[in-house]
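Let me begin by presenting the structure, written as structure tokens, before commenting on it.
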Amino acid sequence: MRKVTRKPSHAGSWYEDDEQVLSKQIDEWMSAVEPCGAPIKAIIGPHAGYRFCGHVMAYAYRHIDPSKVSRIFLLGPSHHVYTKKCVLSSAHQYETPLGCMEVDQEVYAQLQATGEFTSMELGVDEAEHSLELHTPFIMRAMSGLSFKLVPIMVGSLTPESEARYGSLLSPYLDDPASLFIISSDFCHWGSRFSYTFYDKEQGPIWKSIQWLDEQGMRAIESGDPAAFTRYQAEYRNTICGRHPIGVLLNMLQHSSGRHKVEFKFYDQSSKCMVGSDSSVSYAAAVVTPVS
């Protein structure tokens with residue numbers, strides 16, 4: 001059977017398409033971060049152009065021990081296609097400027113057998129950036145060691161659906177050889193995003209945005225999916241990966257072990273001062289087991 005390859009459609013625009021330049025860039029960002037030394041079960045990281053968020057992504061990826069990982073689940077939101085389900089790729093491999101990674105067809109078959117997952121056409125996959133933007137960092141973090149990828153595009157889920165998918169995926173989280181990567185930016189602020197929440201008590205607009213994001217990060221760090229759902233119901237923060245994050249929090253609830261979620265870094269694409277400004281926020285987090 002012919003192997004279907006997902007091409008790196010955003011290389012050369014959102015990030016460098018030259019292997020040496022891209023490797024050097026990622027290595028420089030990673031070298032600025034001190035690894036925590038704890039075993040990592042999941043990370044949360046952004047998916048914007050690398051000039052905006054590459055340094056933030058490093059604060060998630062630097063803590064991965066590639067010798068402990070043989071399967072990587074990559075969950076990202078859908079920006080272009082509306083669906084109420086989680087969606088699997090039709091590709092057999094994901095190509096990056098740093099090499100190719102094989103999609104785990106065995107796990108895909110297990111997920112398909114649940115009846116809860118659908119598949120997307122290659123064109124839909126290649127148009128979506130939330131998964132692709134993580135692939136060069138995955139390749140670099142894995143340092144040439146063998147692994148398989150399980151890409152999952154997460155649709156617009158209800159809290160009940162997030163709980164269902166969290167329950168389905170939690171056994172894989174309990175597998176010592178599995179790592180979950182959750183792709184999400186944080187607040188998209190400005191009229192072009194139709195979101196201009198501003199609490200003047202926090203100071204300038206950018207400080208209000210930071211305060212807003214920090215409330216969300218604290219809800220995520222609580223590990224309680226209901227707390228994050230309540231936060232989103234109150235503020236409607238434009239966290240594009242809120243549904244993948246919701247699935248992760250439900251995985252933690254259904255896991256056989258206890259985990260700690262900790263945010264390591266936060267930044268904004270620019271500091272909004274007036275109403276005509278706009279920005280996107282980025283954050284990096286790690287999930288570690290608690291004995």
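Quick note on naming: the chains in the structure tokens go A, B, ... in the order shown, residues restart at 1 in each chain, and ligands are numbered from 1 in order of appearance.
All residues of protein, DNA or RNA that reach within 7 Å of Trp189 in chain A, judged by only C-alpha atoms and not counting those fewer than 6 positions away in the chain, are Tyr195, Thr196, Ser278, Ser279 and Val280 of chain A.
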Saved selection, atoms kept: N, CA and C atoms, as a compact mmCIF listing (two decimals), in the first residue's frame:
```txt
# COMPACT_ATOMS: atom_id res chain seq x y z
N TYR A 195 -12.61 39.82 20.66
CA TYR A 195 -12.48 39.60 22.11
C TYR A 195 -11.67 40.74 22.71
N THR A 196 -12.32 41.54 23.55
CA THR A 196 -11.67 42.72 24.11
C THR A 196 -11.94 42.85 25.62
N SER A 278 -3.60 44.54 19.33
CA SER A 278 -3.98 43.14 19.42
C SER A 278 -2.77 42.32 19.82
N SER A 279 -3.03 41.14 20.39
CA SER A 279 -1.95 40.25 20.80
C SER A 279 -2.47 38.82 20.93
N VAL A 280 -1.52 37.88 20.96
CA VAL A 280 -1.82 36.49 21.27
C VAL A 280 -0.88 36.08 22.40
```
Best match for closeness to Asp175 in chain A among A:Ile44, A:Thr5, A:Arg71, A:Gly144, counting only C-alpha atoms: A:Arg71
Near-range 156-171 of chain A list (9 Å; only C-alpha atoms; drop same-chain fewer than 4 positions) as a list in words: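 These residues fall inside the cut-off: Pro77, Ser78, Tyr82, Thr83, Lys84, Lys85, Cys86, Leu111, Thr114, Glu116, Asp175, Pro225, Ala226, Thr229, His243, Pro244, Ile245, Gly246, Val247, Leu248, Leu249, Asn250, Met251, Leu252, Gln253, His254, Ser255 and Ser256 of chain A.
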Would you return as number ranges by chain the members of range 57-285 of chain A that DSSP assigns to strand (DSSP E or B) on this structure's backbone? A: 71-77, 86-88, 93-96, 99-103, 117-119, 148-154, 178-183, 188-190, 195, 258-268, 279-285
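Neighbours of Arg218 in chain A closer than or equal to 10 Å, with only C-alpha atoms counted and sequence neighbours fewer than 2 positions away skipped, come out as A:Asp213, A:Glu214, A:Gln215, A:Gly216, A:Ile220, A:Glu221, A:Ser222, A:Gly223, A:Ala227, A:Phe228, A:Tyr231, A:Val261, A:Glu262, A:Phe263.
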Write the selection just made, keeping N, CA and C atoms, as a CSV table (one decimal), in the first residue's frame?
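The resulting result08.csv:
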```
chain,number,residue,atom,x,y,z
A,213,ASP,N,-5.3,35.3,31.7
A,213,ASP,CA,-4.6,34.0,31.3
A,213,ASP,C,-4.2,33.3,32.6
A,214,GLU,N,-3.7,34.0,33.6
A,214,GLU,CA,-3.2,33.4,34.8
A,214,GLU,C,-4.3,32.7,35.5
A,215,GLN,N,-5.5,33.3,35.5
A,215,GLN,CA,-6.7,32.6,36.1
A,215,GLN,C,-7.0,31.3,35.4
A,216,GLY,N,-6.8,31.3,34.1
A,216,GLY,CA,-7.0,30.1,33.4
A,216,GLY,C,-5.9,29.0,33.7
A,220,ILE,N,-6.2,25.2,35.2
A,220,ILE,CA,-5.6,24.1,34.6
A,220,ILE,C,-4.7,23.4,35.6
A,221,GLU,N,-3.9,24.1,36.3
A,221,GLU,CA,-3.0,23.5,37.3
A,221,GLU,C,-3.8,22.8,38.4
A,222,SER,N,-5.0,23.2,38.6
A,222,SER,CA,-5.8,22.5,39.7
A,222,SER,C,-6.1,21.0,39.3
A,223,GLY,N,-6.0,20.7,37.9
A,223,GLY,CA,-6.2,19.4,37.5
A,223,GLY,C,-7.7,19.0,37.4
A,227,ALA,N,-13.3,22.9,37.0
A,227,ALA,CA,-12.8,24.3,37.3
A,227,ALA,C,-12.5,25.0,36.0
A,228,PHE,N,-11.9,24.4,35.1
A,228,PHE,CA,-11.5,25.0,33.8
A,228,PHE,C,-12.8,25.3,33.0
A,231,TYR,N,-14.3,28.4,34.5
A,231,TYR,CA,-13.5,29.6,34.1
A,231,TYR,C,-13.8,30.0,32.7
A,261,VAL,N,0.2,19.5,37.3
A,261,VAL,CA,0.3,20.3,36.1
A,261,VAL,C,1.0,21.6,36.6
A,262,GLU,N,2.1,22.0,35.9
A,262,GLU,CA,2.8,23.2,36.3
A,262,GLU,C,3.2,24.0,35.1
A,263,PHE,N,2.8,25.3,35.0
A,263,PHE,CA,3.2,26.2,34.0
A,263,PHE,C,4.6,26.7,34.2
```
Between A:Leu75, A:Val103, A:Ala113, A:Cys240, which one has atoms that come closest to Phe186 in chain A, using only C-alpha atoms? A:Cys240
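In this model, the gap between CA of Met139 in chain A and CA of Met101 in chain A comes to 7.9 Å.
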Tell me which protein, DNA and RNA residues are within 8 Å of Ile209 in chain A, counting only C-alpha atoms, leaving out same-chain ones fewer than 5 positions away, and put them as an MDAnalysis selection string. chainID A and resid 187 189 197:198
Within 12 Å of Asp199 in chain A, counting only C-alpha atoms, which residues show up once you throw out same-chain ones fewer than 3 positions away? Write them as a short mmCIF file (atom, residue, chain, number, x, y, z; two decimals) with N, CA and C atoms, in the first residue's frame, please.
```cif
data_model
loop_
_atom_site.label_atom_id
_atom_site.label_comp_id
_atom_site.auth_asym_id
_atom_site.auth_seq_id
_atom_site.Cartn_x
_atom_site.Cartn_y
_atom_site.Cartn_z
N THR A 196 -12.32 41.54 23.55
CA THR A 196 -11.67 42.72 24.11
C THR A 196 -11.94 42.85 25.62
N GLN A 202 -6.62 45.88 36.77
CA GLN A 202 -5.35 45.17 36.60
C GLN A 202 -4.25 46.05 36.00
N GLY A 203 -4.60 47.28 35.56
CA GLY A 203 -3.62 48.17 34.96
C GLY A 203 -3.79 48.24 33.46
N PRO A 204 -2.68 48.36 32.71
CA PRO A 204 -2.77 48.42 31.24
C PRO A 204 -3.44 47.17 30.67
N ILE A 205 -3.87 47.26 29.43
CA ILE A 205 -4.59 46.14 28.81
C ILE A 205 -3.78 44.85 28.87
N TRP A 206 -2.48 44.92 28.58
CA TRP A 206 -1.68 43.69 28.55
C TRP A 206 -1.60 43.04 29.92
N LYS A 207 -1.63 43.86 30.97
CA LYS A 207 -1.63 43.31 32.33
C LYS A 207 -2.96 42.61 32.63
N SER A 208 -4.05 43.18 32.13
CA SER A 208 -5.36 42.55 32.29
C SER A 208 -5.40 41.21 31.55
N ILE A 209 -4.80 41.17 30.35
CA ILE A 209 -4.74 39.92 29.59
C ILE A 209 -3.94 38.87 30.36
N GLN A 210 -2.80 39.30 30.90
CA GLN A 210 -1.97 38.37 31.67
C GLN A 210 -2.73 37.85 32.89
N TRP A 211 -3.42 38.73 33.59
CA TRP A 211 -4.22 38.32 34.75
C TRP A 211 -5.28 37.29 34.33
N LEU A 212 -5.95 37.58 33.21
CA LEU A 212 -6.98 36.68 32.70
C LEU A 212 -6.40 35.30 32.38
N TYR A 235 -15.40 33.72 31.56
CA TYR A 235 -14.61 34.71 30.83
C TYR A 235 -14.60 34.53 29.31
#
```
Could you name the residues that touch Phe52 in chain A at 9 Å or less, counting only C-alpha atoms, but leaving out those on the same chain fewer than 6 positions away, as a VMD selection string? chain A and resid 268 to 269 282
Write the selection just made, keeping N, CA and C atoms, as a PDB file, in the first residue's frame?
```pdb
ATOM      1  N   GLN A 268       3.577  37.152  25.670  1.00  0.00           N
ATOM      2  CA  GLN A 268       2.592  37.698  24.745  1.00  0.00           C
ATOM      3  C   GLN A 268       3.299  38.180  23.489  1.00  0.00           C
ATOM      4  N   SER A 269       2.610  38.103  22.362  1.00  0.00           N
ATOM      5  CA  SER A 269       3.218  38.525  21.094  1.00  0.00           C
ATOM      6  C   SER A 269       3.530  40.011  21.085  1.00  0.00           C
ATOM      7  N   TYR A 282       1.003  33.132  24.896  1.00  0.00           N
ATOM      8  CA  TYR A 282       1.582  31.799  24.775  1.00  0.00           C
ATOM      9  C   TYR A 282       2.034  31.315  26.149  1.00  0.00           C
TER      10      TYR A 282
END
```
Return the single residue from A:Pro8, A:Gly49, A:Pro176, A:Gly155 that is closest to Pro97 in chain A, with distances computed using only C-alpha atoms.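 Once distances to Pro97 in chain A are computed over only C-alpha atoms, the minimum belongs to A:Pro8.
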Report the residues of range 43-288 of chain A whose backbone DSSP state falls under alpha helix (DSSP H), written as a PyMOL selection string. chain A and resi 50-61+105-112+122-127+129-132+135-141+159-174+205-221+225-235+242-254
Return the single residue from A:Ala283, A:Val274, A:Ile72, A:Ala32 that is closest to Lys148 in chain A, with distances computed using only C-alpha atoms.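 The answer is A:Ile72, which sits nearest to Lys148 in chain A.
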Provide the CA of His47 in chain A to CA of Tyr172 in chain A distance in Å, to one decimal place.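 Taking CA of His47 in chain A as the start and CA of Tyr172 in chain A as the end point, the length is 23.5 Å.
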